>>> print(open('start-v4.txt').read())   # compact mmCIF, C-alpha atoms
# COMPACT_ATOMS: atom_id res chain seq x y z
CA MET A 101 -10.34 -8.21 26.57
CA ASP A 102 -7.69 -8.30 29.30
CA PHE A 103 -6.08 -5.15 30.70
CA LEU A 104 -2.34 -4.97 31.45
CA ARG A 105 -1.03 -2.09 33.58
CA PRO A 106 2.77 -2.15 33.93
CA ALA A 107 4.28 0.21 36.49
CA SER A 108 7.66 0.58 34.76
CA TRP A 109 9.18 0.47 31.30
CA GLU A 110 10.86 -2.83 32.12
CA GLU A 111 7.52 -4.33 33.14
CA ALA A 112 5.97 -3.06 29.92
CA LEU A 113 8.66 -4.71 27.80
CA ALA A 114 8.27 -7.97 29.69
CA ALA A 115 4.49 -7.87 29.25
CA LYS A 116 4.83 -7.14 25.53
CA ALA A 117 7.25 -10.06 25.17
CA GLU A 118 4.76 -12.36 26.92
CA HIS A 119 1.75 -10.98 25.05
CA PRO A 120 2.95 -9.80 21.59
CA THR A 121 -0.63 -9.03 20.47
CA ALA A 122 -1.15 -6.55 23.32
CA VAL A 123 -2.10 -3.10 22.03
CA PRO A 124 -0.41 -0.25 23.93
CA ILE A 125 -2.59 2.65 25.01
CA ALA A 126 -1.45 5.97 26.50
CA GLY A 127 -3.48 8.90 25.17
CA GLY A 128 -5.97 6.48 23.63
CA THR A 129 -7.09 9.00 21.04
CA ASP A 130 -6.66 6.51 18.17
CA VAL A 131 -7.13 3.16 19.89
CA MET A 132 -10.37 4.01 21.70
CA VAL A 133 -11.99 5.27 18.50
CA GLU A 134 -11.27 1.95 16.80
CA ILE A 135 -12.58 0.00 19.80
CA ASN A 136 -15.71 2.14 20.18
CA PHE A 137 -16.58 1.63 16.51
CA ASP A 138 -15.81 -2.08 16.84
CA HIS A 139 -13.10 -1.84 14.19
CA ARG A 140 -10.67 -3.48 16.55
CA ARG A 141 -11.06 -5.89 19.45
CA PRO A 142 -7.61 -6.68 20.84
CA GLU A 143 -7.07 -9.60 23.18
CA TYR A 144 -4.99 -7.40 25.49
CA LEU A 145 -4.79 -3.67 26.11
CA MET A 146 -1.60 -2.39 27.74
CA ASP A 147 -1.98 0.86 29.69
CA LEU A 148 1.30 2.83 29.61
CA THR A 149 0.12 5.89 31.53
CA ARG A 150 2.03 5.00 34.71
CA ILE A 151 5.41 5.07 32.91
CA GLY A 152 6.68 8.57 33.62
CA ASP A 153 9.65 8.76 31.25
CA LEU A 154 7.34 8.37 28.25
CA TYR A 155 6.06 11.85 29.12
CA GLU A 156 9.49 13.48 29.34
CA TRP A 157 11.68 15.20 26.77
CA GLU A 158 15.32 16.17 26.66
CA VAL A 159 16.79 18.99 24.58
CA GLY A 160 20.42 18.28 23.67
CA ASP A 161 22.96 20.31 21.74
CA ASP A 162 21.72 19.08 18.37
CA THR A 163 18.65 16.92 18.92
CA VAL A 164 15.50 16.58 20.95
CA ARG A 165 14.58 13.24 22.51
CA LEU A 166 10.80 13.27 22.72
CA GLY A 167 9.12 10.65 24.90
CA ALA A 168 6.48 8.70 23.01
CA SER A 169 3.63 10.02 25.18
CA VAL A 170 4.58 13.70 25.43
CA PRO A 171 1.25 15.42 24.68
CA TYR A 172 0.91 17.65 21.66
CA ALA A 173 0.03 20.53 23.98
CA LYS A 174 3.45 20.25 25.63
CA ILE A 175 5.19 20.29 22.25
CA MET A 176 3.34 23.48 21.37
CA GLU A 177 4.15 25.09 24.71
CA HIS A 178 7.76 24.06 25.27
CA LEU A 179 9.38 22.91 22.02
CA ARG A 180 8.29 25.41 19.38
CA PRO A 181 11.80 26.91 18.86
CA GLU A 182 13.45 23.49 18.50
CA LEU A 183 10.66 21.69 16.61
CA PRO A 184 8.64 24.37 14.80
CA GLY A 185 7.18 22.05 12.16
CA LEU A 186 5.94 19.55 14.72
CA ALA A 187 4.58 22.36 16.89
CA LEU A 188 2.56 23.67 13.94
CA ALA A 189 1.28 20.17 13.21
CA SER A 190 0.33 19.78 16.88
CA HIS A 191 -1.91 22.85 16.59
CA THR A 192 -4.04 21.05 14.00
CA VAL A 193 -4.67 17.95 16.12
CA ALA A 194 -8.36 17.64 16.97
CA SER A 195 -9.37 19.57 20.11
CA PRO A 196 -7.62 20.94 23.22
CA GLN A 197 -8.72 17.86 25.17
CA ILE A 198 -7.12 15.50 22.67
CA ARG A 199 -4.00 17.66 22.35
CA ASN A 200 -3.60 17.27 26.12
CA ARG A 201 -3.79 13.47 25.86
CA GLY A 202 -2.45 12.37 22.48
CA GLY A 203 1.23 12.08 21.60
CA VAL A 204 3.51 11.36 18.68
CA GLY A 205 4.04 7.75 19.77
CA GLY A 206 0.36 7.03 19.21
CA ASN A 207 0.45 8.51 15.72
CA LEU A 208 3.46 6.37 14.88
CA GLY A 209 1.98 3.22 16.37
CA THR A 210 -1.27 3.62 14.45
CA ALA A 211 0.68 4.57 11.30
CA SER A 212 -2.39 6.01 9.61
CA PRO A 213 -1.48 7.94 6.45
CA ALA A 214 -3.64 10.77 7.84
CA GLY A 215 -1.76 11.09 11.13
CA ASP A 216 -1.03 14.76 11.73
CA ALA A 217 2.53 14.32 13.05
CA HIS A 218 3.89 12.26 10.14
CA PRO A 219 4.62 15.01 7.57
CA ALA A 220 6.52 17.08 10.15
CA LEU A 221 8.53 14.05 11.31
CA LEU A 222 9.43 13.16 7.72
CA ALA A 223 10.45 16.73 6.89
CA ALA A 224 12.61 16.93 10.02
CA GLY A 225 14.25 13.54 9.42
CA ALA A 226 13.27 11.96 12.73
CA GLU A 227 14.34 8.60 14.12
CA VAL A 228 12.01 6.34 16.11
CA GLU A 229 13.54 4.69 19.18
CA VAL A 230 11.94 1.28 19.74
CA GLU A 231 12.74 -1.31 22.37
CA SER A 232 12.02 -4.87 23.45
CA VAL A 233 13.52 -7.25 25.99
CA ARG A 234 16.02 -8.09 23.21
CA GLY A 235 17.38 -4.53 23.13
CA SER A 236 16.75 -1.17 21.51
CA ARG A 237 17.18 0.22 18.01
CA ARG A 238 16.47 3.39 16.06
CA ILE A 239 14.42 3.31 12.89
CA PRO A 240 14.68 6.25 10.44
CA VAL A 241 11.18 7.61 10.02
CA ASP A 242 11.46 7.11 6.25
CA ASP A 243 11.65 3.36 6.89
CA PHE A 244 9.05 3.23 9.65
CA TYR A 245 5.87 3.16 7.54
CA THR A 246 5.52 -0.18 5.77
CA GLY A 247 1.91 -0.11 4.52
CA VAL A 248 -1.56 1.16 5.27
CA LYS A 249 -1.63 1.39 9.09
CA ARG A 250 1.42 -0.85 9.28
CA ASN A 251 4.83 -0.04 10.69
CA ALA A 252 8.27 -1.57 11.16
CA LEU A 253 7.78 -2.60 14.80
CA ALA A 254 8.44 -6.23 15.66
CA PRO A 255 5.59 -7.89 17.62
CA ASP A 256 7.48 -7.58 20.92
CA GLU A 257 8.62 -3.96 20.45
CA LEU A 258 7.26 -0.73 21.91
CA ILE A 259 7.95 2.86 20.87
CA HIS A 260 10.05 4.54 23.57
CA ALA A 261 10.87 7.95 22.07
CA VAL A 262 11.45 9.96 18.92
CA HIS A 263 14.77 11.67 18.18
CA ILE A 264 14.48 14.83 16.08
CA ASP A 265 17.24 17.21 15.02
CA LYS A 266 16.72 20.72 16.31
CA ALA A 267 15.61 22.99 13.47
CA ASP A 268 18.50 24.73 11.72
CA GLY A 269 16.15 26.61 9.40
CA PRO A 270 12.47 27.51 8.90
CA GLN A 271 9.82 24.79 8.90
CA GLN A 272 6.16 24.86 7.91
CA TYR A 273 3.11 22.64 8.06
CA SER A 274 -0.20 22.89 6.26
CA LYS A 275 -3.33 20.76 6.43
CA VAL A 276 -6.59 20.63 4.48
CA GLY A 277 -9.70 19.49 6.33
CA THR A 278 -13.43 19.73 5.97
CA ARG A 279 -13.55 22.10 8.96
CA ASN A 280 -11.11 23.89 11.29
CA ALA A 281 -11.04 21.42 14.19
CA MET A 282 -11.81 17.80 15.14
CA VAL A 283 -11.16 16.66 11.60
CA ILE A 284 -9.07 14.00 9.88
CA ALA A 285 -6.77 15.49 7.24
CA VAL A 286 -7.95 15.40 3.64
CA CYS A 287 -4.25 15.90 2.97
CA ALA A 288 -1.31 17.53 4.73
CA PHE A 289 2.14 18.81 3.86
CA GLY A 290 5.29 19.52 5.84
CA LEU A 291 8.41 21.32 4.66
CA ALA A 292 11.75 21.93 6.37
CA LEU A 293 14.71 23.93 5.11
CA HIS A 294 18.08 22.64 6.29
CA PRO A 295 20.60 25.42 5.55
CA GLU A 296 23.48 23.60 7.25
CA THR A 297 23.33 20.84 4.64
CA ARG A 298 21.70 23.04 1.97
CA THR A 299 18.88 20.57 1.56
CA VAL A 300 15.10 20.56 1.72
CA ARG A 301 12.89 17.79 3.09
CA THR A 302 9.17 17.28 2.64
CA GLY A 303 6.43 15.19 4.21
CA ILE A 304 3.03 14.38 2.74
CA GLY A 305 0.08 12.94 4.64
CA SER A 306 -3.21 11.38 3.54
CA ALA A 307 -2.27 11.34 -0.14
CA ALA A 308 -0.72 7.86 -0.47
CA PRO A 309 -1.02 4.48 1.29
CA THR A 310 1.62 5.69 3.77
CA PRO A 311 3.06 9.06 4.75
CA ILE A 312 5.69 9.87 2.12
CA ARG A 313 8.34 12.33 1.04
CA ALA A 314 8.36 13.99 -2.39
CA LYS A 315 11.95 12.98 -3.11
CA ALA A 316 12.02 14.08 -6.76
CA ALA A 317 10.73 17.50 -5.71
CA GLU A 318 13.38 17.73 -3.01
CA ALA A 319 16.16 16.82 -5.45
CA PHE A 320 14.92 19.40 -7.95
CA LEU A 321 14.72 22.17 -5.36
CA ASP A 322 18.11 21.27 -3.84
CA ALA A 323 19.70 21.63 -7.27
CA ALA A 324 17.81 24.82 -8.16
CA LEU A 325 18.73 26.55 -4.90
CA GLU A 326 22.37 25.54 -5.21
CA GLU A 327 22.77 26.42 -8.89
CA GLY A 328 21.09 29.79 -8.42
CA GLY A 329 23.14 30.62 -5.35
CA PHE A 330 19.92 31.16 -3.41
CA TRP A 331 21.29 29.95 -0.07
CA ASP A 332 23.95 32.67 -0.19
CA ASN A 333 22.20 35.56 -1.90
CA GLY A 334 18.73 35.07 -0.38
CA LYS A 335 16.98 35.99 -3.61
CA ILE A 336 13.26 35.44 -4.00
CA ILE A 337 12.60 32.01 -5.49
CA THR A 338 11.36 32.43 -9.03
CA PRO A 339 7.75 31.46 -9.82
CA SER A 340 8.91 28.83 -12.30
CA VAL A 341 10.99 27.07 -9.64
CA ALA A 342 8.15 27.21 -7.12
CA LYS A 343 5.68 25.85 -9.69
CA ARG A 344 7.96 23.00 -10.71
CA PHE A 345 8.50 22.08 -7.07
CA ALA A 346 4.73 22.10 -6.46
CA ASP A 347 4.07 19.99 -9.55
CA LEU A 348 6.63 17.40 -8.46
CA CYS A 349 5.14 17.26 -4.98
CA ALA A 350 1.69 16.66 -6.46
CA ALA A 351 3.11 13.99 -8.76
CA ALA A 352 4.56 12.11 -5.78
CA CYS A 353 1.06 11.44 -4.47
CA THR A 354 -0.96 8.28 -5.10
CA PRO A 355 -4.23 9.27 -3.41
CA ILE A 356 -7.64 7.64 -3.38
CA ASP A 357 -11.22 8.85 -3.61
CA ASP A 358 -13.06 8.63 -0.30
CA VAL A 359 -15.72 10.45 1.71
CA ARG A 360 -13.26 13.21 2.66
CA GLY A 361 -12.05 14.10 -0.84
CA THR A 362 -11.28 12.92 -4.34
CA ALA A 363 -7.88 11.80 -5.53
CA SER A 364 -7.65 14.69 -7.98
CA TYR A 365 -8.48 17.22 -5.28
CA ARG A 366 -5.87 15.78 -2.93
CA ARG A 367 -3.21 15.91 -5.64
CA HIS A 368 -4.10 19.50 -6.47
CA ALA A 369 -4.20 20.55 -2.81
CA VAL A 370 -0.78 19.06 -2.10
CA GLY A 371 0.65 21.12 -4.97
CA VAL A 372 -0.94 24.29 -3.59
CA MET A 373 0.35 23.59 -0.06
CA ALA A 374 3.83 22.82 -1.40
CA ARG A 375 4.02 26.15 -3.21
CA ARG A 376 2.67 28.11 -0.26
CA THR A 377 4.86 26.50 2.38
CA LEU A 378 7.91 26.97 0.17
CA THR A 379 7.06 30.68 -0.10
CA TRP A 380 6.56 31.01 3.67
CA THR A 381 9.70 29.14 4.66
CA TRP A 382 11.88 30.90 2.11
CA GLU A 383 10.65 34.32 3.22
CA SER A 384 11.56 33.36 6.79
CA TYR A 385 15.00 32.23 5.64
CA ARG A 386 15.55 35.46 3.69
CA GLY A 387 14.56 37.50 6.73
CA ALA A 388 16.99 35.61 8.96
CA LEU A 389 19.75 36.02 6.35
CA ARG A 390 19.20 39.78 6.15
CA THR A 391 19.29 40.01 9.95
CA THR A 392 22.57 38.09 10.06
CA GLU A 393 24.13 40.26 7.34
CA GLY A 394 22.95 43.42 9.09
CA ALA A 395 24.48 42.30 12.37
CA ALA A 396 27.76 41.57 10.59
>>> encode(input="start-v4.txt", output="structure tokens")
Amino acid sequence: MDFLRPASWEEALAAKAEHPTAVPIAGGTDVMVEINFDHRRPEYLMDLTRIGDLYEWEVGDDTVRLGASVPYAKIMEHLRPELPGLALASHTVASPQIRNRGGVGGNLGTASPAGDAHPALLAAGAEVEVESVRGSRRIPVDDFYTGVKRNALAPDELIHAVHIDKADGPQQYSKVGTRNAMVIAVCAFGLALHPETRTVRTGIGSAAPTPIRAKAAEAFLDAALEEGGFWDNGKIITPSVAKRFADLCAAACTPIDDVRGTASYRRHAVGVMARRTLTWTWESYRGALRTTEGAA
């Protein structure tokens, strides 16, 4: 195994073009596990830790540009107001040591259906900025996952950053694991309310071959909230609407049985998380609406 250590982003792109099979490593929290268990033996490892802009973020008027290697701990500390769903997901990542090393770019590159960041990125509607010596492009996160641990990157491309709209409404994240820390998700669920467009987006992890959205559930809830005037009147969502939303989220799953949980349990748990996160986010929205009306 040869070790490549570019000193700049341009050097990294050139090295990836010359060695398309090179596996990038920054935090190493996914790659090193696979190597240590002999599940993977790449011909080349490319160390990206000397490339400073991968560890930087920029908060714009409407979006956040998050460098691929920004550690989860930094997201929790500095970007909670702008990216609340991703900050909550970051809290569930392994241990403090790993949260100080791992970043969203690694989750995306590995593309495991159990990656903790994926449901939050799907719910927020992120875009993945990728680049090669041929140029750069942005891939909507919905199109990024192409199969089990497969993504839309070309062989010569590297993940540079993730672009995420700043939250315009409440967001939530929930995860089921066999213990409270250092655990791979049995299943996970992310939810984001987008009052500006009067839409809802979801993200589901570890309950299908890839991270997915529950699009039928989203369409149902969008229509129910609009028809009932909920966005304007801030009424409590009726139990029947919440149950139907949860059932549709569970129906979107195509899970498997494995050592962490059965398919039926995963499907049930996703429904429970969908109902709970909907309740939590809607209560937050109602509270913000009452505050706005009181100020007016």
>>> atom_distance(input="start-v4.txt", atom1="atom CA of A:Val131", atom2="atom CA of A:Gly205")
12.1 Å
>>> residues_around(input="start-v4.txt", residues="stretch 262-266 of chain A", least_positions_apart="2", cutoff="6 Å", atoms="all atoms listed in the file", output="PyMOL selection string")
chain A and resi 162-166+182+226-229
>>> closest_residue(input="start-v4.txt", among="A:Thr354, A:Thr210, A:Thr379, A:Ser232", to="A:Thr338", atoms="only C-alpha atoms")
A:Thr379
>>> residues_around(input="start-v4.txt", residues="A:Glu318", least_positions_apart="2", cutoff="9 Å", atoms="all atoms listed in the file", output="ChimeraX atom specification")
/A:299-302,313-316,320-323,345,348-349
>>> residues_around(input="start-v4.txt", residues="stretch 367-377 of chain A", least_positions_apart="5", cutoff="6 Å", atoms="all atoms listed in the file", output="PyMOL selection string")
chain A and resi 272+342+346-347+349-350
>>> atom_distance(input="start-v4.txt", atom1="atom CA of A:Arg201", atom2="atom CA of A:Pro171")
5.5 Å
>>> atom_distance(input="start-v4.txt", atom1="atom CA of A:Thr310", atom2="atom CA of A:Cys287")
11.8 Å
>>> closest_residue(input="start-v4.txt", among="A:Pro213, A:Gly329, A:Pro219, A:Pro270", to="A:Arg180", atoms="all atoms listed in the file")
A:Pro270
>>> closest_residue(input="start-v4.txt", among="A:Asp332, A:Arg390, A:Ala307, A:Ser340", to="A:Ser364", atoms="only C-alpha atoms")
A:Ala307
>>> residues_around(input="start-v4.txt", residues="A:Ala114", least_positions_apart="3", cutoff="12 Å", atoms="only C-alpha atoms", output="JSON, numbers by chain")
{"A": [104, 105, 106, 107, 108, 109, 110, 111, 117, 118, 119, 120, 122, 146, 231, 232, 233, 234, 235, 256, 257, 258]}
>>> closest_residue(input="start-v4.txt", among="A:Ala168, A:Ala214, A:Ile337, A:Met101", to="A:Gly127", atoms="only C-alpha atoms")
A:Ala168
>>> closest_residue(input="start-v4.txt", among="A:His260, A:Leu183, A:Pro295, A:Asp216", to="A:Ala112", atoms="only C-alpha atoms")
A:His260
>>> residues_around(input="start-v4.txt", residues="A:Ile312", least_positions_apart="3", cutoff="10 Å", atoms="all atoms listed in the file", output="PyMOL selection string")
chain A and resi 213+218-219+222-223+241-242+245+289+302-309+315+352-354
>>> closest_residue(input="start-v4.txt", among="A:Asn200, A:Asn207, A:Ser384, A:Ser195", to="A:Ile175", atoms="all atoms listed in the file")
A:Asn200
>>> axis_aligned_box(input="start-v4.txt", around="stretch 332-343 of chain A", padding_each_side="8 Å", output="lines of an AutoDock Vina configuration file")
center_x = 14.8
center_y = 30.9
center_z = -6.2
size_x = 34.3
size_y = 26.1
size_z = 28.1
>>> residues_near_point(input="start-v4.txt", point="(7.8, 12.0, 26.1)", cutoff="6 Å", atoms="only C-alpha atoms", output="PyMOL selection string")
chain A and resi 154-157+166-170
